[in-house]
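Here is the structure we will look at.
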Amino acid sequence: MDMLEVKVWRSQDGGGFITYRVPRQTSQTVLDVVTYIQRELQPDLGYRYACRVGMCGSCAMTVNGKARWTCRTHVGKVAAGGKLEIAPLSNLPVIKDLVTDMSSFFDKWAQAKGSFTGAQTRHEDFARVEPSSRGRRAADAGIECIGCGVCYASCDVVTWRPDYLGPAALNRAWTLMNDERDIEQAERLRAVAGDAGCHSCHTQGSCTERCPKSISPTAGIAGLKRMAAKAAMKGDL
Ligand code: SF4
Ligand code: SF4
Ligand code: FES
């Protein structure tokens, strides 16, 4: 039987890679490999997933050096020579083995005012936002984020300055800045225009290259920079 050689990061005793041999299967995903190891070889291996279909964003890991969603990553695409190295996401503290603590990642969504604030009540009719309008198209381009953290783990500015809000939180802020129903746009722009906000991005685009949902946080961050510059010129920042 064809076997894969899989190095997996284990966090005990200061951390290190342990090598496992896993049977090769057709259409096998990296998450299938990790699940096999946990069920058949290493029952105390810590890892996380929920949906297995690219919806929940919980299964992201570093696979052969790159952050990826493991449930939609086929072994055949990434295991050159039948070898895999699987580690937790970068830029986040490790709880155990392949499980990272996502608290700082989601705290930054809150810092970037990444939640919707509307003015209408349930007694009013639905707001109608024209699908072809510029704002709606800009918001739609970034709205399918699943919060997987792949972009955040791939961003070297986050590595250099851990207070940087990062691509996902800024992408979320950008979608809301383009939502004509939201009433907290001035506060949000102030929140993302600070030192640790959009101006820290060097626009080289690792986040965009790696995002499994084909979102471009780089483009959204560039939009935030333009908005912040305009507001500063008008004296609104
Ligand atoms: S383009 Fe900006 S947000 Fe994206 S990885 Fe680079 S520095 Fe980070
Ligand atoms: S922008 Fe893409 S890579 Fe980043 S958290 Fe959202 S889905 Fe994941
Ligand atoms: S397990 Fe839900 S996105 Fe991979």
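In the structure tokens, chains take the letters A, B, ... in the order shown, each chain's residues start at 1, and ligands count up from 1 in the order shown.
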
Using only C-alpha atoms, I'd like a table of the residues in range 29-116 of chain A that come within 12 Å of range 13-22 of chain A; for each, show the closest atom pair and its distance in Å rounded to one decimal, ordered by chain and ascending number, as CSV.
residue,atom,partner,partner_atom,distance
A:Val30,CA,A:Val22,CA,11.0
A:Asp32,CA,A:Val22,CA,10.0
A:Val33,CA,A:Val22,CA,6.9
A:Val34,CA,A:Val22,CA,9.2
A:Thr35,CA,A:Val22,CA,10.4
A:Tyr36,CA,A:Val22,CA,7.4
A:Ile37,CA,A:Val22,CA,7.2
A:Gln38,CA,A:Tyr20,CA,10.6
A:Arg39,CA,A:Val22,CA,11.4
A:Glu40,CA,A:Val22,CA,9.4
A:Leu41,CA,A:Tyr20,CA,7.9
A:Gln42,CA,A:Tyr20,CA,9.1
A:Leu45,CA,A:Ile18,CA,11.0
A:Val75,CA,A:Val22,CA,11.5
A:Gly82,CA,A:Val22,CA,10.0
A:Lys83,CA,A:Arg21,CA,9.7
A:Leu84,CA,A:Thr19,CA,9.5
A:Glu85,CA,A:Phe17,CA,8.3
A:Ile86,CA,A:Phe17,CA,8.6
A:Ala87,CA,A:Phe17,CA,8.3
A:Pro88,CA,A:Phe17,CA,11.3
A:Val94,CA,A:Gly15,CA,10.2
A:Ile95,CA,A:Gly15,CA,11.6
A:Lys96,CA,A:Gly15,CA,9.6
A:Asp97,CA,A:Gly15,CA,8.1
A:Leu98,CA,A:Gly15,CA,11.0

List as a list in words the protein and nucleic acid residues lying within 6 Å of ligand 3, with only C-alpha atoms and all ligand atoms counted.
Tyr49, Ala50, Cys51, Arg52, Val53, Gly54, Met55, Cys56, Gly57, Ser58, Cys59, Trp69, Thr70 and Cys71 of chain A

Could I get the residue neighbourhood of ligand 2 at 9 Å, counting only C-alpha atoms and all ligand atoms, as JSON, numbers by chain?
{"A": [57, 60, 67, 68, 69, 142, 143, 144, 145, 146, 147, 148, 149, 150, 151, 152, 153, 154, 167, 168, 169, 171, 172, 207, 208, 209, 210, 211, 212, 213, 214, 215, 216, 217]}

Write the selection just made, keeping C-alpha atoms, as a PDB file, in the first residue's frame?
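Final file, selection.pdb:
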ATOM      1  CA  GLY A  57     -13.145  28.170   8.951  1.00  0.00           C
ATOM      2  CA  ALA A  60      -6.775  25.902   9.045  1.00  0.00           C
ATOM      3  CA  ALA A  67      -1.370  28.281   5.779  1.00  0.00           C
ATOM      4  CA  ARG A  68      -4.304  26.394   4.239  1.00  0.00           C
ATOM      5  CA  TRP A  69      -7.831  25.202   4.977  1.00  0.00           C
ATOM      6  CA  GLY A 142     -15.352  40.598   0.784  1.00  0.00           C
ATOM      7  CA  ILE A 143     -18.427  39.282   2.555  1.00  0.00           C
ATOM      8  CA  GLU A 144     -17.813  35.529   2.142  1.00  0.00           C
ATOM      9  CA  CYS A 145     -14.958  35.494   4.676  1.00  0.00           C
ATOM     10  CA  ILE A 146     -15.192  32.393   6.874  1.00  0.00           C
ATOM     11  CA  GLY A 147     -12.795  33.676   9.555  1.00  0.00           C
ATOM     12  CA  CYS A 148     -10.288  30.894   8.971  1.00  0.00           C
ATOM     13  CA  GLY A 149      -7.210  32.981   9.842  1.00  0.00           C
ATOM     14  CA  VAL A 150      -5.215  31.810   6.795  1.00  0.00           C
ATOM     15  CA  CYS A 151      -4.570  35.409   5.709  1.00  0.00           C
ATOM     16  CA  TYR A 152      -3.649  36.459   9.240  1.00  0.00           C
ATOM     17  CA  ALA A 153      -1.154  33.606   9.584  1.00  0.00           C
ATOM     18  CA  SER A 154       0.366  34.549   6.209  1.00  0.00           C
ATOM     19  CA  PRO A 167      -6.116  41.422   6.805  1.00  0.00           C
ATOM     20  CA  ALA A 168      -9.315  39.708   7.961  1.00  0.00           C
ATOM     21  CA  ALA A 169     -10.416  42.382  10.444  1.00  0.00           C
ATOM     22  CA  ASN A 171     -11.448  43.260   5.169  1.00  0.00           C
ATOM     23  CA  ARG A 172     -14.477  43.050   7.455  1.00  0.00           C
ATOM     24  CA  CYS A 207      -3.157  37.434   2.353  1.00  0.00           C
ATOM     25  CA  THR A 208      -4.841  37.704  -1.033  1.00  0.00           C
ATOM     26  CA  GLU A 209      -2.670  34.991  -2.553  1.00  0.00           C
ATOM     27  CA  ARG A 210      -3.521  32.551   0.247  1.00  0.00           C
ATOM     28  CA  CYS A 211      -7.204  33.300   0.975  1.00  0.00           C
ATOM     29  CA  PRO A 212      -9.145  30.104   0.208  1.00  0.00           C
ATOM     30  CA  LYS A 213     -12.289  32.113  -0.536  1.00  0.00           C
ATOM     31  CA  SER A 214     -10.558  34.242  -3.189  1.00  0.00           C
ATOM     32  CA  ILE A 215     -11.099  37.413  -1.208  1.00  0.00           C
ATOM     33  CA  SER A 216      -8.629  40.259  -1.655  1.00  0.00           C
ATOM     34  CA  PRO A 217      -8.018  41.865   1.738  1.00  0.00           C
TER      35      PRO A 217
END

Kindly indicate which residue among A:Leu189, A:Ala119, A:Met177, A:Leu92 lies nearest to Thr159 in chain A, using only C-alpha atoms for the distances.
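Under the stated criterion, the closest residue is A:Leu92.
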
Exercise answer, 6 Å around ligand 1 with only C-alpha atoms and all ligand atoms, as a list of chain:residue names
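Using only C-alpha atoms and all ligand atoms, everything at most 6 Å from ligand 1 comes to A:Ser154, A:Cys155, A:Val157, A:Gly166, A:Pro167, A:Cys201, A:His202, A:Thr203, A:Gln204, A:Gly205, A:Ser206, A:Cys207, A:Thr218.
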
Can you spit out the residues from that selection as a compact mmCIF listing (two decimals), in the first residue's frame, using C-alpha atoms?
# COMPACT_ATOMS: atom_id res chain seq x y z
CA SER A 154 0.37 34.55 6.21
CA CYS A 155 0.84 38.25 7.01
CA VAL A 157 3.29 42.61 9.29
CA GLY A 166 -4.49 42.27 10.12
CA PRO A 167 -6.12 41.42 6.81
CA CYS A 201 -0.08 47.14 5.32
CA HIS A 202 2.74 46.95 2.77
CA THR A 203 0.33 45.67 0.08
CA GLN A 204 2.50 42.79 -1.07
CA GLY A 205 -0.55 40.57 -0.97
CA SER A 206 0.31 37.29 0.78
CA CYS A 207 -3.16 37.43 2.35
CA THR A 218 -5.24 43.83 0.01

Determine the nearest neighbour of Ala112 in chain A from the options A:Arg128, A:Arg190, A:Arg181, A:Arg136, counting only C-alpha atoms.
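Of A:Arg128, A:Arg190, A:Arg181, A:Arg136, the one nearest Ala112 in chain A, counting only C-alpha atoms, is A:Arg190.
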
Would you return as an mmCIF file with C-alpha atoms, in the first residue's frame the members of range 194-230 of chain A that DSSP assigns to helix (DSSP H, G or I) on this structure's backbone?
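Saved result, result-v5.cif, follows:
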data_model
loop_
_atom_site.group_PDB
_atom_site.id
_atom_site.type_symbol
_atom_site.label_atom_id
_atom_site.label_comp_id
_atom_site.auth_asym_id
_atom_site.auth_seq_id
_atom_site.Cartn_x
_atom_site.Cartn_y
_atom_site.Cartn_z
ATOM 1 C CA CYS A 198 -4.620 49.991 7.324
ATOM 2 C CA HIS A 199 -1.535 52.194 6.861
ATOM 3 C CA SER A 200 0.722 49.458 8.254
ATOM 4 C CA SER A 206 0.313 37.288 0.780
ATOM 5 C CA CYS A 207 -3.157 37.434 2.353
ATOM 6 C CA THR A 208 -4.841 37.704 -1.033
ATOM 7 C CA GLU A 209 -2.670 34.991 -2.553
ATOM 8 C CA ARG A 210 -3.521 32.551 0.247
ATOM 9 C CA PRO A 217 -8.018 41.865 1.738
ATOM 10 C CA THR A 218 -5.242 43.833 0.011
ATOM 11 C CA ALA A 219 -7.786 45.600 -2.194
ATOM 12 C CA GLY A 220 -10.058 46.341 0.762
ATOM 13 C CA ILE A 221 -7.154 47.708 2.790
ATOM 14 C CA ALA A 222 -6.166 49.930 -0.137
ATOM 15 C CA GLY A 223 -9.764 51.189 -0.159
ATOM 16 C CA LEU A 224 -9.566 51.951 3.556
ATOM 17 C CA LYS A 225 -6.327 53.874 2.985
ATOM 18 C CA ARG A 226 -8.043 55.985 0.325
ATOM 19 C CA MET A 227 -11.038 56.633 2.577
ATOM 20 C CA ALA A 228 -8.771 57.553 5.510
ATOM 21 C CA ALA A 229 -6.689 59.917 3.346
ATOM 22 C CA LYS A 230 -9.822 61.670 2.037
#

Gap from CA of Asn91 in chain A to CA of Val158 in chain A - Å, one decimal:
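Value for the CA of Asn91 in chain A-CA of Val158 in chain A distance: 6.8 Å.
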
Quick one: pick out all strand (DSSP E) residues within range 3-199 of chain A from a backbone DSSP run and write them as a PyMOL selection string.
chain A and resi 3-10+16-23+60-63+66-69+83-87+94-96+99-100

For those residues, write N, CA and C atoms to a file as a CSV table (one decimal), in the first residue's frame.
chain,number,residue,atom,x,y,z
A,3,MET,N,2.1,4.7,1.1
A,3,MET,CA,2.1,5.4,2.4
A,3,MET,C,2.6,6.8,2.3
A,4,LEU,N,2.0,7.7,3.1
A,4,LEU,CA,2.5,9.1,3.2
A,4,LEU,C,3.4,9.1,4.4
A,5,GLU,N,4.4,10.0,4.4
A,5,GLU,CA,5.2,10.3,5.5
A,5,GLU,C,4.8,11.6,6.0
A,6,VAL,N,4.2,11.7,7.2
A,6,VAL,CA,3.6,12.9,7.7
A,6,VAL,C,4.2,13.3,9.0
A,7,LYS,N,4.8,14.5,9.0
A,7,LYS,CA,5.4,15.1,10.2
A,7,LYS,C,4.3,16.0,10.8
A,8,VAL,N,4.0,15.8,12.1
A,8,VAL,CA,3.0,16.6,12.7
A,8,VAL,C,3.6,17.3,14.0
A,9,TRP,N,3.3,18.5,14.1
A,9,TRP,CA,3.7,19.3,15.3
A,9,TRP,C,3.0,18.9,16.5
A,10,ARG,N,3.8,18.4,17.6
A,10,ARG,CA,3.2,18.1,18.9
A,10,ARG,C,3.7,19.1,19.9
A,16,GLY,N,7.8,19.8,19.0
A,16,GLY,CA,8.6,19.2,18.0
A,16,GLY,C,7.8,18.4,17.1
A,17,PHE,N,8.3,18.0,15.9
A,17,PHE,CA,7.6,17.2,15.0
A,17,PHE,C,7.7,15.7,15.3
A,18,ILE,N,6.6,15.0,15.1
A,18,ILE,CA,6.7,13.5,15.2
A,18,ILE,C,6.2,13.0,13.8
A,19,THR,N,6.9,12.0,13.4
A,19,THR,CA,6.6,11.4,12.0
A,19,THR,C,5.6,10.2,12.2
A,20,TYR,N,4.6,10.2,11.3
A,20,TYR,CA,3.6,9.1,11.2
A,20,TYR,C,3.6,8.6,9.8
A,21,ARG,N,3.2,7.4,9.7
A,21,ARG,CA,3.0,6.8,8.3
A,21,ARG,C,1.5,6.6,8.1
A,22,VAL,N,0.9,7.2,7.1
A,22,VAL,CA,-0.5,7.1,6.9
A,22,VAL,C,-0.8,6.6,5.5
A,23,PRO,N,-1.8,5.6,5.4
A,23,PRO,CA,-2.1,5.1,4.1
A,23,PRO,C,-2.6,6.1,3.1
A,60,ALA,N,-8.0,25.4,9.7
A,60,ALA,CA,-6.8,25.9,9.0
A,60,ALA,C,-5.5,25.5,9.8
A,61,MET,N,-4.5,25.1,9.1
A,61,MET,CA,-3.2,24.7,9.7
A,61,MET,C,-2.1,25.1,8.7
A,62,THR,N,-0.9,25.0,9.1
A,62,THR,CA,0.2,25.2,8.2
A,62,THR,C,0.6,23.9,7.6
A,63,VAL,N,0.5,23.8,6.3
A,63,VAL,CA,0.8,22.6,5.5
A,63,VAL,C,2.0,22.8,4.6
A,66,LYS,N,2.9,26.5,4.4
A,66,LYS,CA,1.9,27.5,4.0
A,66,LYS,C,0.6,27.3,4.7
A,67,ALA,N,-0.1,28.4,5.1
A,67,ALA,CA,-1.4,28.3,5.8
A,67,ALA,C,-2.4,27.9,4.8
A,68,ARG,N,-3.3,26.9,5.2
A,68,ARG,CA,-4.3,26.4,4.2
A,68,ARG,C,-5.5,25.9,5.0
A,69,TRP,N,-6.7,25.9,4.4
A,69,TRP,CA,-7.8,25.2,5.0
A,69,TRP,C,-7.7,23.7,4.7
A,83,LYS,N,5.3,13.5,1.0
A,83,LYS,CA,5.6,14.0,2.3
A,83,LYS,C,4.8,15.2,2.7
A,84,LEU,N,4.4,15.2,4.0
A,84,LEU,CA,3.6,16.3,4.5
A,84,LEU,C,4.2,16.7,5.8
A,85,GLU,N,4.2,18.1,6.0
A,85,GLU,CA,4.6,18.6,7.3
A,85,GLU,C,3.4,19.5,7.8
A,86,ILE,N,2.8,19.1,8.9
A,86,ILE,CA,1.6,19.8,9.4
A,86,ILE,C,1.9,20.5,10.7
A,87,ALA,N,1.6,21.8,10.8
A,87,ALA,CA,1.9,22.5,12.0
A,87,ALA,C,0.7,23.5,12.3
A,94,VAL,N,-0.3,28.8,20.5
A,94,VAL,CA,-0.8,27.4,20.3
A,94,VAL,C,-1.4,27.0,21.7
A,95,ILE,N,-2.6,26.4,21.6
A,95,ILE,CA,-3.2,25.8,22.8
A,95,ILE,C,-2.7,24.4,23.0
A,96,LYS,N,-2.8,23.6,21.9
A,96,LYS,CA,-2.2,22.2,22.0
A,96,LYS,C,-2.0,21.7,20.5
A,99,VAL,N,-3.9,23.1,17.4
A,99,VAL,CA,-5.0,24.0,17.8
A,99,VAL,C,-4.4,25.4,18.3
A,100,THR,N,-4.8,26.4,17.6
A,100,THR,CA,-4.4,27.8,18.0
A,100,THR,C,-5.5,28.5,18.7

Under the rule that only C-alpha atoms are counted, which of A:Ser133, A:Ala138, A:Ser115, A:Trp160 is the nearest residue to Glu187 in chain A?
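Among the listed residues, A:Ser115 lies closest to Glu187 in chain A.
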